[in-house]
Amino acid sequence: MPNSSAYAKVNGLEMYYETHGIDDTGQRPLVLLHGGAHTVGLSFAAVLPTLAEGRRVVAPELQGHGHTADTEREMSVAAFASDIVALLDELGIQQADFVGFSLGGLTALEIAVRHPERVGRLVLAATHYRQDGYHDEVRTPDYSSARLPSEADFQEMADAYAAVAPHPEHFQDFLGKVSGAAHAPLAWTADDLRGLTAPTLLIVGDTDFVRVEHAAQMQELIPDARLAVVPATTHVALMRRTSVLLPLLTEFLG
């Protein structure tokens, strides 16, 4: 359970966020950015208690996700990133470490590229920088691929949304809007990655949406980057592989 939860007025949104852990350690706060169609709990419940030991964790829900009501605004990675920077301003956080998963990873990467002074350490889980970084069966799915969420996974997303969303009847429309944002062209170049200043940890499952070769290319491009490939792990399962993830994250984040 969070220490507290609240809403912040940012860019026309009433953005929900949770705080966990303690705030007087002298460490940078840690910001957790969830995956597409997820809530904070769906993406991070397995790892959050350990990550919040001895530091402040801020975990927002992006536009239209979870408790945060959608608006008429188009969903985009750039808009999500702008919202998170505005939230940090609202909370008086000048610099934070980031863990972003999937769509949250794209958001964290956008912040690191456009606002490098706001990012201390950067963890990008199941994150690509070009759309061809995804496997073909993810970009043009026929839903037979083992890489894709199962019917049970989609039901879990729908149930989590229904439990907290201001308008739970909008789930299918919301899902289409999120999918459009996730599969839209990405604006970054190889030079953008070469210019990143934050120490970076890349994490992918070996049966992830993201091609392992693409993640390895990102590691080559990003200065001081590390890459972890988690065996026998799909996209949906990645953030639940605590026996592998927690030692990686706690060592990297300090």
# chains A, B, ... in the order shown; residues from 1 in each chain; ligands from 1
$ residues_around --residues "Thr234 in chain A" --least-positions-apart "6" --cutoff "7 Å" --atoms "only C-alpha atoms" --output "list in words"
Arg147, Gly205, Asp206, Thr207 and Asp208 of chain A
$ residues_around --residues "range 101-107 of chain A" --least-positions-apart "6" --cutoff "6 Å" --atoms "only C-alpha atoms" --output "list in words"
Leu33, His34, Gly35, Gly36, Val77, Ala81, Leu124, Ala125, Ala126 and Thr127 of chain A
$ closest_atom_pairs --of "range 210-240 of chain A" --to "range 192-202 of chain A" --cutoff "10 Å" --atoms "only C-alpha atoms" --output "tab-separated table"
residue	atom	partner	partner_atom	distance
A:Ala215	CA	A:Leu202	CA	7.2
A:Ala216	CA	A:Leu202	CA	8.8
A:Met218	CA	A:Leu193	CA	7.4
A:Gln219	CA	A:Leu202	CA	7.3
A:Glu220	CA	A:Arg194	CA	8.7
A:Leu221	CA	A:Arg194	CA	5.1
A:Ile222	CA	A:Arg194	CA	4.9
A:Pro223	CA	A:Arg194	CA	6.3
A:Asp224	CA	A:Pro199	CA	5.6
A:Ala225	CA	A:Thr200	CA	4.7
A:Arg226	CA	A:Leu201	CA	4.8
A:Leu227	CA	A:Leu202	CA	4.7
A:Ala228	CA	A:Leu202	CA	6.2
A:Val229	CA	A:Leu202	CA	8.4
$ atom_distance --atom1 "CA of Gln27 in chain A" --atom2 "CA of Ala45 in chain A"
21.8 Å
$ residues_around --residues "Gly64 in chain A" --least-positions-apart "5" --cutoff "10 Å" --atoms "only C-alpha atoms" --output "ChimeraX atom specification"
/A:13-15,37,69-71,75,161,165-167,170-171,174-175,177-178
